[in-house]
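Visitor: This is the structure, below, for whatever I ask next.
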Amino acid sequence: MGKTAELLPGTLDMLILKAVSLKPLHGYGVLLRIRQISREALEIPQGSLYPALYRLEHHGLIAAEWGQSENNRRAKFYTLTAAGRRRLRDETAGWNRLASAIAAALGTTSEEV
Amino acid sequence: MFKRFRSFFRVLTRRRDFEDGMSEELRFHIEQWTDDLVRSGMSRGKAARLIRIELGSLDNIKADCRETFGVHLFDELRRQLSYAARLLRKTPGFTATALLTLAVCIGANLTIFAVIDSVLLRPLPFPEPDRLMTIFNTYPKAGVERDGSSLTNYYERRGRIPAFASLAIYRYGSEIVGEPGSTERLQTVRVSPDFFSTLGLGPAIGRTFTDQETTSETDHVAILSDTFWRQRYNADPNVIGRQIRVNSVPRTVIGVLPRAFRFLSSDARVFLPLASRPEDRTPLQRHSGGNVIQMVARLKPGATVAEAQSQIDAQNATLEVDDPQAKMIADAGFRSLVVPLHADHVATIRPTLLLLEAGVLVLLLIGTVNLVNLLLIRTSGRIKELAVRQALGASRGYIVSETVVETTLLTLIGGCLGTAVGAGGIRLLGALGYDRLPLGGQISFDMRLGLVALIAVIVLGIVLAAPIAWFNLRRHLGNALQSESRGGTSGRATQILRHSFIVSQIALAFILLAGAGLLGLSLQRAMAVSPGFQSDHVLTGQILLPWADYSEAGRLKFVESLMVKVGHLPGVLSAGVVNNVPFSGHSGKSAATVMGHVRRPGESPRGHYSYGVAGDYFRAMGFSLRAGRFLTADDSRRSERVCVVDEDFARYYWPHASPIGQRLWDGSEAGKDAEAFTVVGVVGEVKQAGLTEDEAQGAIYYPYAFRIGDSVFVAVRTSVPPESLGLTLQKVVRQIDANIPVNDLRSMETRIADSLVARRSPALLASLFSGIALLLTAVGTYGVLSFTVAQRRREIGLRMALGAEPRHIRRYFVQVSLRLLAGGVLLGLIGAWLTGQAMQAMLFRVPAFNLAVLTGALCTMTLVSLAACLLPSQRAARISPMETLAEE
C-alpha cells in the first residue's frame with residue numbers, strides 16, 4: 001500500500017458518485033473501487049461511508065436495490081440516478097476549475113507577479 | 001424537496017425494513033472485508049479486531065444513517081412522548097384537573113363553533129353563493145319592516161336590472177300530496193321558472209319549469225326533491241312523466257333535484273310552479289307582497305350590491321310616478337332592499353351566536369390561564385431537576401421541545417375528551433331547539449370540525465408551553481439551583497405572575513357571570529310580560545284548506561261545521577277560528593282606512609294586524625273586552641259589516657271620541673259607504689308576534705266571511721289540560737274531510753314559551769358557561785394558594801414559633817385571596833360594563849349596567865373565592881412549628 005492522502009471535506013460524495021457511475025456497486029465495492037481508481041492513494045474513513053451513501057440516496061442522487069453479490073450473497077447495490085449524473089458532472093467541472101486555479105496559484109513564480 | 005419527504009415517509013412507514021436493511025448491509029460489508037483480509041493471510045481473529053478498530057461503533061454509524069433520513073427526530077419525539085406520559089401519570093390529581101378543564105372548555109367551544117360554522121360560515125350549497133341576493137320591500141314608517149316582494153315586482157324587474165344575471169321568486173307552502181287515502185302534508189316551494197337557474201343548481205334528471213307553466217291552467221307539473229324521489233319512488237330513474245297528486249290535482253313529474261340541493265332551511269319535498277293570473281301582475285298589485293313571496297337574484301360577475309341597489313331604486317322611482325298610491329307609499333318610507341341571501345337568512349340569530357361564541361372563548365381563556373398556572377406550579381416543583389439537566393448539557397431547544405410535547409400531549413388527550421363533550425353539547429343544542437334555527441338543521445359534527453379541533457388543540461398546546469418554556473429558560477441556573485428549594489420562598493416574579501393570572505381569571509369569570517345575569521334578568525322580564533289574553537287552557541292548531549277543493553262558500557261551511565262539532569266536545573268551553581293566532585310566527589300586517597281620518601302631513605300610513613274571526617274566538621282566547629261587544633258566532637253567519645278593534649287602534653284614531661259606531665274600510669283606500677265596517681267593540685291589546693314586541697301596531701278583527709284565507713287556526717278553550725284534546729280535535733277535522741290534517745297543534749302556553757327560545761337558550765347557555773367559569777376559578781385559586789402555603793411552611797412555622805397565632809396566619813391568607821378578588825372584580829366591573837353595552841340590543845328592559853345583577857355577581861364571586869381559600873388557609877393555620885423546623 002502506497003502513501004495515502006487525507007480526504008478533503010466534501011469530496012467523499014463526489015468520489016462515491018464517480019465510483020457508482022462506472023458500474024452498480026454495493027457499499028464494500030464502493031470502498032474498493034475508490035481505492036482502486038485513486039490508485040490506492042485515497043483512504044475512505046470507514047465510519048462515514050454508509051452515512052454518505054444514505055444521504056445521497058435520501059437526496060435522490062443514487063438509487064439502492066437489493067441484488068446478488070459476486071459470491072451469491074444478498075447485497076444492496078447502488079446505481080447513479082439522472083439527478084446524480086447531473087450532480088457528478090457539475091461537481092467534476094467545479095473541482096477541475098478549483099484544482100487548476102489552485103495549481104496555477106501555487107505554480108506562480110516571483111517573476112510572474 | 002417533495003422527493004425527500006417521500007423518502008422520509010417511506011422510511012417511517014417501513015421502519016422495520018429500514019433497520020433490518022441497514023444491519024444486513026453492514027454485516028455484508030464486514031464479512032466481505034474479513035474474507036479479503038483472511039485471503040491476504042491474516043488470521044480471522046486479527047481481522048475481526050482490525051475491522052472493529054477501523055469501522056468504529058456500528059451503533060454510531062447506524063445513528064448517523066438514521067439522521068440523514070431525519071428519522072432520528074421521530075425517535076426523539078417518541079422518547080419525549082413517553083417521558084411526558086410518565087410525568088402525567090406520576091401526578092394524577094394535576095392530570096385529571098387539567099384534562100377535565102380541557103375537555104369542558106374544548107367541548108363547549110366545539111359545540112358553539114359547530115353552530116357558528118354551519119349557520120354563519122359555511123357558504124350556501126350553490127355555485128358562487130356570495131353572488132346570491134334577496135330583495136324585499138320595506139315600509140319602515142308604517143311599521144312594516146319586511147314585506148317580501150310582489151308578483152308585479154318580479155315581472156317588472158325580470159331582465160331589466162343590469163346588475164343581476166337572473167332573478168326569481170319563490171313562496172313556501174305545504175300541500176297535501178298523494179293518492180286519496182294515503183295522503184300526507186308535505187312542505188313545498190312554489191317557484192318561478194328561473195328559480196333553479198338563478199341558484200345555479202337545477203334538476204339532476206329531467207327539466208325545470210318553463211314560462212308557459214305559470215298559469216293555473218298550465219301548471220300541472222312538479223319537480224321532486226332527491227329525498228322524496230328515493231322514499232316515494234324508490235329512486236326510479238323513469239319517474240319523469242309519472243303522475244303525482246298534489247291537493248288532489250294530478251301533476252306530471254318533470255324533474256328530480258340532485259341530492260345536494262338544499263334551499264336555505266327549507267325541507268321541501270316537492271317544487272311547483274308559482275302560478276298567477278295576469279291581473280296579479282299589474283302595477284296595482286305592486287305593494288301586495290304581504291311577506292309571502294320572496295325574491296332571490298344572482299349578481300352578474302363584477303357587479304356589486306351597491307350597483308344593484310341603485311338600479312332597483314332608480315326603477316322604483318320611475319315606476320312610482322304613475323302609481324295612484326305613490327304618495328302614501330312614499331310616506332311609508334318605501335324602499336326595496338338588496339341584501340346578500342345568506343346574511344339575510346341568518347340575520348336574526350347572528351348577534352346571539354356571536355355572543356355565545358364570545359362567551360365560550362372567554363371560558364377557554366379562563367381554562368387556559370388555569371392550566372398555565374397549574375403547569376407553572378408543577379414546573380416549580382421540577383426547577384432543580386431541570387436546572388441540573390441543563391447544567392449537564394441538555395440544550396435549550398431540547399427543554400423547549402420537551403415542554404411543547406408535554407403540553408400538546410395534554411391538549412390532545414383533552415381534545416379527544418372535548419370532542420366527546422362537544423358531540424354531547426350538539427345533542428343538548430338539539431334539545432334546546434337549535435335545529436329549528438335558520439340553517440340549524442345542518443348542525444353536525446363532521447370531518448371539517450374535527451380538523452379545526454385538531455389544529456386548535458395543537459395551537460393550544462404550543463400556547464400553553466410558551467410561558468412554561470420561557471420561565472424555565474429565563475431562570476439563571478445558579479439561582480435556580482439554590483432558590484425555590486425546600487428552605488426558600490417563592491421567587492417574586494413567579495408569584496406576581498401567578499397572582500395576576502388569578503386576578504384575570506376572576507375578572508373574566510365575573511364578566512361571564514354578569515353577562516349571564518343580564519340575559520337571565522332579561523328573560524325573566526320578558527316572561528313577566530302579559531300576552532294580553534288568558535293563555536292557559538287554550539289549544540290551537542292550523543288547518544290548511546286547498547283552494548282546489550274549497551271555494552269561499554266551502555270554506556265558510558267547513559268552518560261552520562267545525563265550530564259546531566268542536567263546541568260539542570266534552571271538555572271544550574268555547575271554540576273559535578282565526579286566520580292567525582298570536583305567536584304563530586306568521587302574523588302579517590295590512591292597511592285599513594278610517595272614515596273621517598285625514599293623515600297629517602308627514603304622518604305615515606300604519607300597517608295593522610288584521611284578522612278574520614269566526615265562532616267564539618275572543619272567549620276561547622280569553623281576550624278582555626274594553627267597550628261594546630265581542631264578535632260572536634252569529635256575526636260570522638250574518639253578512640253585516642262589523643268589526644272589533646283593539647285599544648291601541650282606538651287610541652290612535654279616536655283619542656277623544658268613543659270608538660263604538662265608528663266606521664272603517666279594509667284596505668288602503670276609502671271605498672263605498674256600504675263597504676265600510678262598523679266598530680262594535682274594543683278589546684285589550686294583545687302581543688301578536690312575541691312578548692318582547694314593544695311597539696303596538698293596532699289590530700282589527702273582521703268576521704271571517706270578509707277575510708277568507710287558505711289557512712285557519714282553530715282555538716279551543718278547555719276545562720281539561722289542553723294537550724289532551726289534540727287527538728280528538730284531529731279526529732273531528734278528519735270526520736269533516738278525511739284528507740285534511742291539523743298542523744302545528746300546540747297550546748298557547750307552549751307557543752309563548754317557544755317564542756322565547758331565542759332568549760331562553762342564550763340565557764341558559766350563558767349560565768352554564770359562567771357556572772363552569774366559577775368552578776375553574778375556584779380550582780385555580782385553590783391550587784395557587786395551596787401551593788403558596790406548602791412552599792411557605794417553614795416561614796409560617798417560624799412565625800408561629802415567634803408568637804403568631806393560627807388566626808393571624810389564617811387571616812393573612814384570607815387577606816391575600818380578598819386582595820386578588822378585589823383586583824379581579826375591579827377589572828371585571830369594567831369588562832361587565834363593556835359587555836353590557838355590546839349586548840344592549842339583545843336585552844329586554846334591562847340596562848347595560850344593572851346594579852342587582854352586578855351585586856349578585858359580586859356576592860357569588862366572593863363566596864367562591866372565600867370557599868377556595870378556606871382549605872389552604874386552614875391548612876396553613878394548622879402548621880405545627882415544631883414539625884416544620886425539625887424538618888430541616
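Every chain in the C-alpha cells takes a letter, A first, then B, and so on in the order presented; its residues are numbered from 1, and the ligands are numbered from 1 following the presented order.
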Restrict the distance test to only C-alpha atoms, flag each residue of chain B within 10 Å of chain A, and return the flagged residues as a compact mmCIF listing (two decimals) with N, CA and C atoms, in the first residue's frame.
Guide:
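Dumped everything to part34.txt:
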# COMPACT_ATOMS: atom_id res chain seq x y z
N MET B 1 -37.42 18.56 -3.06
CA MET B 1 -37.98 18.69 -1.71
C MET B 1 -39.03 17.61 -1.49
N LYS B 3 -39.42 14.88 -3.11
CA LYS B 3 -38.79 13.55 -3.12
C LYS B 3 -38.29 13.17 -1.74
N ARG B 4 -37.69 14.17 -1.09
CA ARG B 4 -37.12 13.88 0.24
C ARG B 4 -38.21 13.53 1.23
N PHE B 5 -39.33 14.28 1.15
CA PHE B 5 -40.46 13.97 2.01
C PHE B 5 -40.93 12.54 1.79
N ARG B 6 -40.97 12.19 0.49
CA ARG B 6 -41.47 10.86 0.18
C ARG B 6 -40.55 9.80 0.76
N SER B 7 -39.24 10.04 0.60
CA SER B 7 -38.32 9.02 1.10
C SER B 7 -38.35 8.99 2.63
N PHE B 8 -38.60 10.16 3.26
CA PHE B 8 -38.71 10.21 4.72
C PHE B 8 -39.90 9.38 5.18
N VAL B 11 -39.47 5.65 4.76
CA VAL B 11 -38.67 5.07 5.83
C VAL B 11 -39.51 4.94 7.10
N GLY B 21 -32.47 -3.69 6.86
CA GLY B 21 -31.60 -3.48 5.69
C GLY B 21 -30.26 -2.92 6.11
N MET B 22 -30.32 -1.96 7.04
CA MET B 22 -29.09 -1.32 7.48
C MET B 22 -28.17 -2.35 8.15
N GLU B 24 -28.18 -5.60 7.76
CA GLU B 24 -27.70 -6.61 6.82
C GLU B 24 -26.59 -6.06 5.95
N GLU B 25 -26.74 -4.80 5.55
CA GLU B 25 -25.75 -4.18 4.69
C GLU B 25 -24.40 -4.08 5.40
N LEU B 26 -24.45 -3.70 6.69
CA LEU B 26 -23.21 -3.57 7.45
C LEU B 26 -22.58 -4.94 7.69
N ARG B 27 -23.46 -5.93 7.95
CA ARG B 27 -22.95 -7.29 8.18
C ARG B 27 -22.22 -7.79 6.93
N PHE B 28 -22.84 -7.56 5.77
CA PHE B 28 -22.26 -7.97 4.50
C PHE B 28 -20.89 -7.32 4.30
N HIS B 29 -20.83 -6.02 4.61
CA HIS B 29 -19.60 -5.26 4.49
C HIS B 29 -18.49 -5.91 5.31
N ILE B 30 -18.82 -6.22 6.57
CA ILE B 30 -17.81 -6.79 7.47
C ILE B 30 -17.36 -8.16 6.98
N GLU B 31 -18.32 -8.97 6.53
CA GLU B 31 -17.96 -10.32 6.06
C GLU B 31 -17.05 -10.24 4.85
N GLN B 32 -17.41 -9.40 3.89
CA GLN B 32 -16.59 -9.27 2.69
C GLN B 32 -15.17 -8.86 3.05
N TRP B 33 -15.11 -7.88 3.95
CA TRP B 33 -13.82 -7.35 4.34
C TRP B 33 -13.00 -8.42 5.04
N ILE B 51 -10.96 -4.79 11.93
CA ILE B 51 -12.19 -4.19 11.39
C ILE B 51 -12.92 -3.38 12.45
N ILE B 53 -11.68 -1.84 14.94
CA ILE B 53 -10.98 -0.57 15.16
C ILE B 53 -11.26 0.40 14.02
N GLU B 54 -11.13 -0.10 12.79
CA GLU B 54 -11.29 0.78 11.62
C GLU B 54 -12.71 1.33 11.52
N LEU B 55 -13.68 0.44 11.73
CA LEU B 55 -15.08 0.80 11.49
C LEU B 55 -15.65 1.65 12.64
N GLY B 56 -15.15 1.46 13.82
CA GLY B 56 -15.72 2.16 14.98
C GLY B 56 -17.03 1.51 15.38
N SER B 57 -17.80 2.24 16.19
CA SER B 57 -19.05 1.66 16.72
C SER B 57 -20.12 1.56 15.64
N LEU B 58 -20.66 0.36 15.50
CA LEU B 58 -21.72 0.17 14.50
C LEU B 58 -22.95 1.01 14.83
N ASN B 60 -23.00 3.90 16.18
CA ASN B 60 -22.80 5.27 15.76
C ASN B 60 -23.07 5.43 14.26
N ILE B 61 -22.59 4.46 13.48
CA ILE B 61 -22.81 4.53 12.03
C ILE B 61 -24.31 4.50 11.74
N LYS B 62 -25.01 3.59 12.42
CA LYS B 62 -26.45 3.50 12.20
C LYS B 62 -27.15 4.80 12.59
N ALA B 63 -26.74 5.38 13.71
CA ALA B 63 -27.36 6.63 14.14
C ALA B 63 -27.14 7.72 13.09
N ASP B 64 -25.91 7.74 12.54
CA ASP B 64 -25.61 8.74 11.50
C ASP B 64 -26.49 8.52 10.28
N CYS B 65 -26.68 7.24 9.92
CA CYS B 65 -27.52 6.93 8.76
C CYS B 65 -28.95 7.37 9.00
N ARG B 66 -29.44 7.08 10.20
CA ARG B 66 -30.82 7.47 10.53
C ARG B 66 -30.97 8.98 10.42
N GLU B 67 -29.94 9.66 10.90
CA GLU B 67 -30.02 11.11 10.92
C GLU B 67 -30.14 11.67 9.51
N THR B 68 -29.45 11.05 8.55
CA THR B 68 -29.53 11.57 7.18
C THR B 68 -30.95 11.50 6.66
N PHE B 69 -31.72 10.58 7.16
CA PHE B 69 -33.11 10.47 6.70
C PHE B 69 -34.07 11.27 7.58
N GLY B 70 -33.57 11.90 8.64
CA GLY B 70 -34.45 12.66 9.52
C GLY B 70 -35.24 11.77 10.46
Visitor: Per DSSP on the backbone, filter region 275-441 of chain B down to the residues in alpha helix (DSSP H) and report them as a count of residues only.
Guide: 104
Visitor: Which residue is closest to Gly67 (chain A)? Choose from A:Thr79, A:Thr108, A:Leu12, A:Ala41 and count only C-alpha atoms.
Guide: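 The shortest atom-to-atom distance to Gly67 (chain A) comes from A:Thr79.
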Visitor: One number please: CA of Val104 (chain B) to CA of Leu375 (chain B), in Å, one decimal.
Guide: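 Separation between CA of Val104 (chain B) and CA of Leu375 (chain B): 17.9 Å.
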Visitor: Would you write out, as a Markdown table, a table of all residues in region 139-199 of chain B that have an atom no more than 9 Å from an atom of region 572-596 of chain B, listing for each the closest atom pair and the distance in Å to one decimal, considering only C-alpha atoms and ordering rows by chain and rising residue number?
Guide:
| residue | atom | partner | partner_atom | distance |
| --- | --- | --- | --- | --- |
| B:Gly143 | CA | B:Lys589 | CA | 8.7 |
| B:Val144 | CA | B:Lys589 | CA | 7.3 |
| B:Asp147 | CA | B:Gly588 | CA | 8.6 |
Visitor: Using only C-alpha atoms, can you tell me which of A:Ser110, A:Asn96, A:Thr81, A:Gln68 comes closest to Val20 (chain A)?
Guide: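 When distances to Val20 (chain A) are compared using only C-alpha atoms, the smallest one comes from A:Thr81.
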Visitor: Can you tell me which residues surround His537 (chain B) at a distance of at most 8 Å, considering only C-alpha atoms, apart from same-chain residues fewer than 3 positions away, and format the answer as a list in words?
Guide: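 Selected residues are Arg717, Thr718, Ser719, Val720, Pro721, Pro722, Ser747 and Met748 of chain B.
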Visitor: Compare B:Leu121, B:Val559, B:Met295, B:Leu264 by their minimum atom-to-atom distance to Leu151 (chain B), counting only C-alpha atoms, and give me the closest one.
Guide: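 Of B:Leu121, B:Val559, B:Met295, B:Leu264, the one nearest Leu151 (chain B) is B:Met295, counting only C-alpha atoms.
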Visitor: Tell me which protein, DNA and RNA residues are within 12 Å of Glu91 (chain A), counting only C-alpha atoms, leaving out same-chain ones fewer than 6 positions away, and put them as a list in words.
Guide: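 Once the adjacent positions are removed, what remains is Gly10, Thr11, Leu12, Asp13, Met14, Leu15, Ile16, Leu17, Lys18, Gly84, Arg85, Arg97, Leu98 and Ala99 of chain A.
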Visitor: Extract, using only C-alpha atoms, all DNA, RNA and protein residues at most 9 Å from Leu409 (chain B), discarding same-chain residues fewer than 2 positions from it, and format them as an mmCIF file with C-alpha atoms, in the first residue's frame.
Guide:
data_model
loop_
_atom_site.group_PDB
_atom_site.id
_atom_site.type_symbol
_atom_site.label_atom_id
_atom_site.label_comp_id
_atom_site.auth_asym_id
_atom_site.auth_seq_id
_atom_site.Cartn_x
_atom_site.Cartn_y
_atom_site.Cartn_z
ATOM 1 C CA LEU B 81 -43.765 11.478 24.460
ATOM 2 C CA ALA B 84 -44.296 13.257 29.158
ATOM 3 C CA ALA B 85 -46.742 10.404 29.617
ATOM 4 C CA VAL B 404 -44.209 21.539 23.979
ATOM 5 C CA VAL B 405 -44.510 17.763 23.676
ATOM 6 C CA GLU B 406 -45.848 17.527 27.197
ATOM 7 C CA THR B 407 -48.479 20.266 26.884
ATOM 8 C CA THR B 411 -54.230 19.116 24.997
ATOM 9 C CA LEU B 412 -54.518 16.241 22.516
ATOM 10 C CA ILE B 413 -55.981 13.924 25.136
ATOM 11 C CA GLY B 414 -58.101 16.803 26.444
ATOM 12 C CA ILE B 458 -52.150 21.750 18.770
ATOM 13 C CA GLY B 461 -50.621 23.018 23.330
#
Visitor: So which residues touch Ala753 (chain B) within 12 Å, counting only C-alpha atoms, skipping near sequence neighbours fewer than 5 positions away, as an MDAnalysis selection string?
Guide: chainID B and resid 432:433 523:524 526:528 531 535:536 583:584 690:691 746:748 758:761
Visitor: Suppose we keep C-alpha atoms; can you now write the selection as an mmCIF file, in the first residue's frame?
Guide:
data_model
loop_
_atom_site.group_PDB
_atom_site.id
_atom_site.type_symbol
_atom_site.label_atom_id
_atom_site.label_comp_id
_atom_site.auth_asym_id
_atom_site.auth_seq_id
_atom_site.Cartn_x
_atom_site.Cartn_y
_atom_site.Cartn_z
ATOM 1 C CA LEU B 432 -82.860 23.488 23.190
ATOM 2 C CA GLY B 433 -84.406 23.800 19.751
ATOM 3 C CA LEU B 523 -85.585 36.591 30.045
ATOM 4 C CA GLN B 524 -87.378 36.929 33.363
ATOM 5 C CA ALA B 526 -89.851 39.077 29.051
ATOM 6 C CA MET B 527 -91.639 36.177 30.702
ATOM 7 C CA ALA B 528 -93.345 38.539 33.118
ATOM 8 C CA PRO B 531 -99.630 38.451 26.477
ATOM 9 C CA SER B 535 -103.011 31.810 27.704
ATOM 10 C CA ASP B 536 -103.760 28.836 29.953
ATOM 11 C CA PHE B 583 -97.330 33.756 18.410
ATOM 12 C CA SER B 584 -97.925 31.641 15.307
ATOM 13 C CA GLY B 690 -93.831 37.997 20.701
ATOM 14 C CA LEU B 691 -93.835 39.071 24.319
ATOM 15 C CA ARG B 746 -99.787 23.451 20.363
ATOM 16 C CA SER B 747 -101.272 25.035 23.460
ATOM 17 C CA MET B 748 -100.989 28.818 23.655
ATOM 18 C CA ALA B 758 -84.159 32.963 21.256
ATOM 19 C CA ARG B 759 -83.887 34.440 24.759
ATOM 20 C CA ARG B 760 -84.018 31.328 26.864
ATOM 21 C CA SER B 761 -81.263 29.303 25.246
#
Visitor: Figure out the distance between CA of Met133 (chain B) and CA of Val339 (chain B), please, to one decimal in Å.
Guide: 5.5 Å
Visitor: Report the distance between CA of Glu603 (chain B) and CA of Val321 (chain B) in Å, rounded to one decimal place.
Guide: 20.6 Å
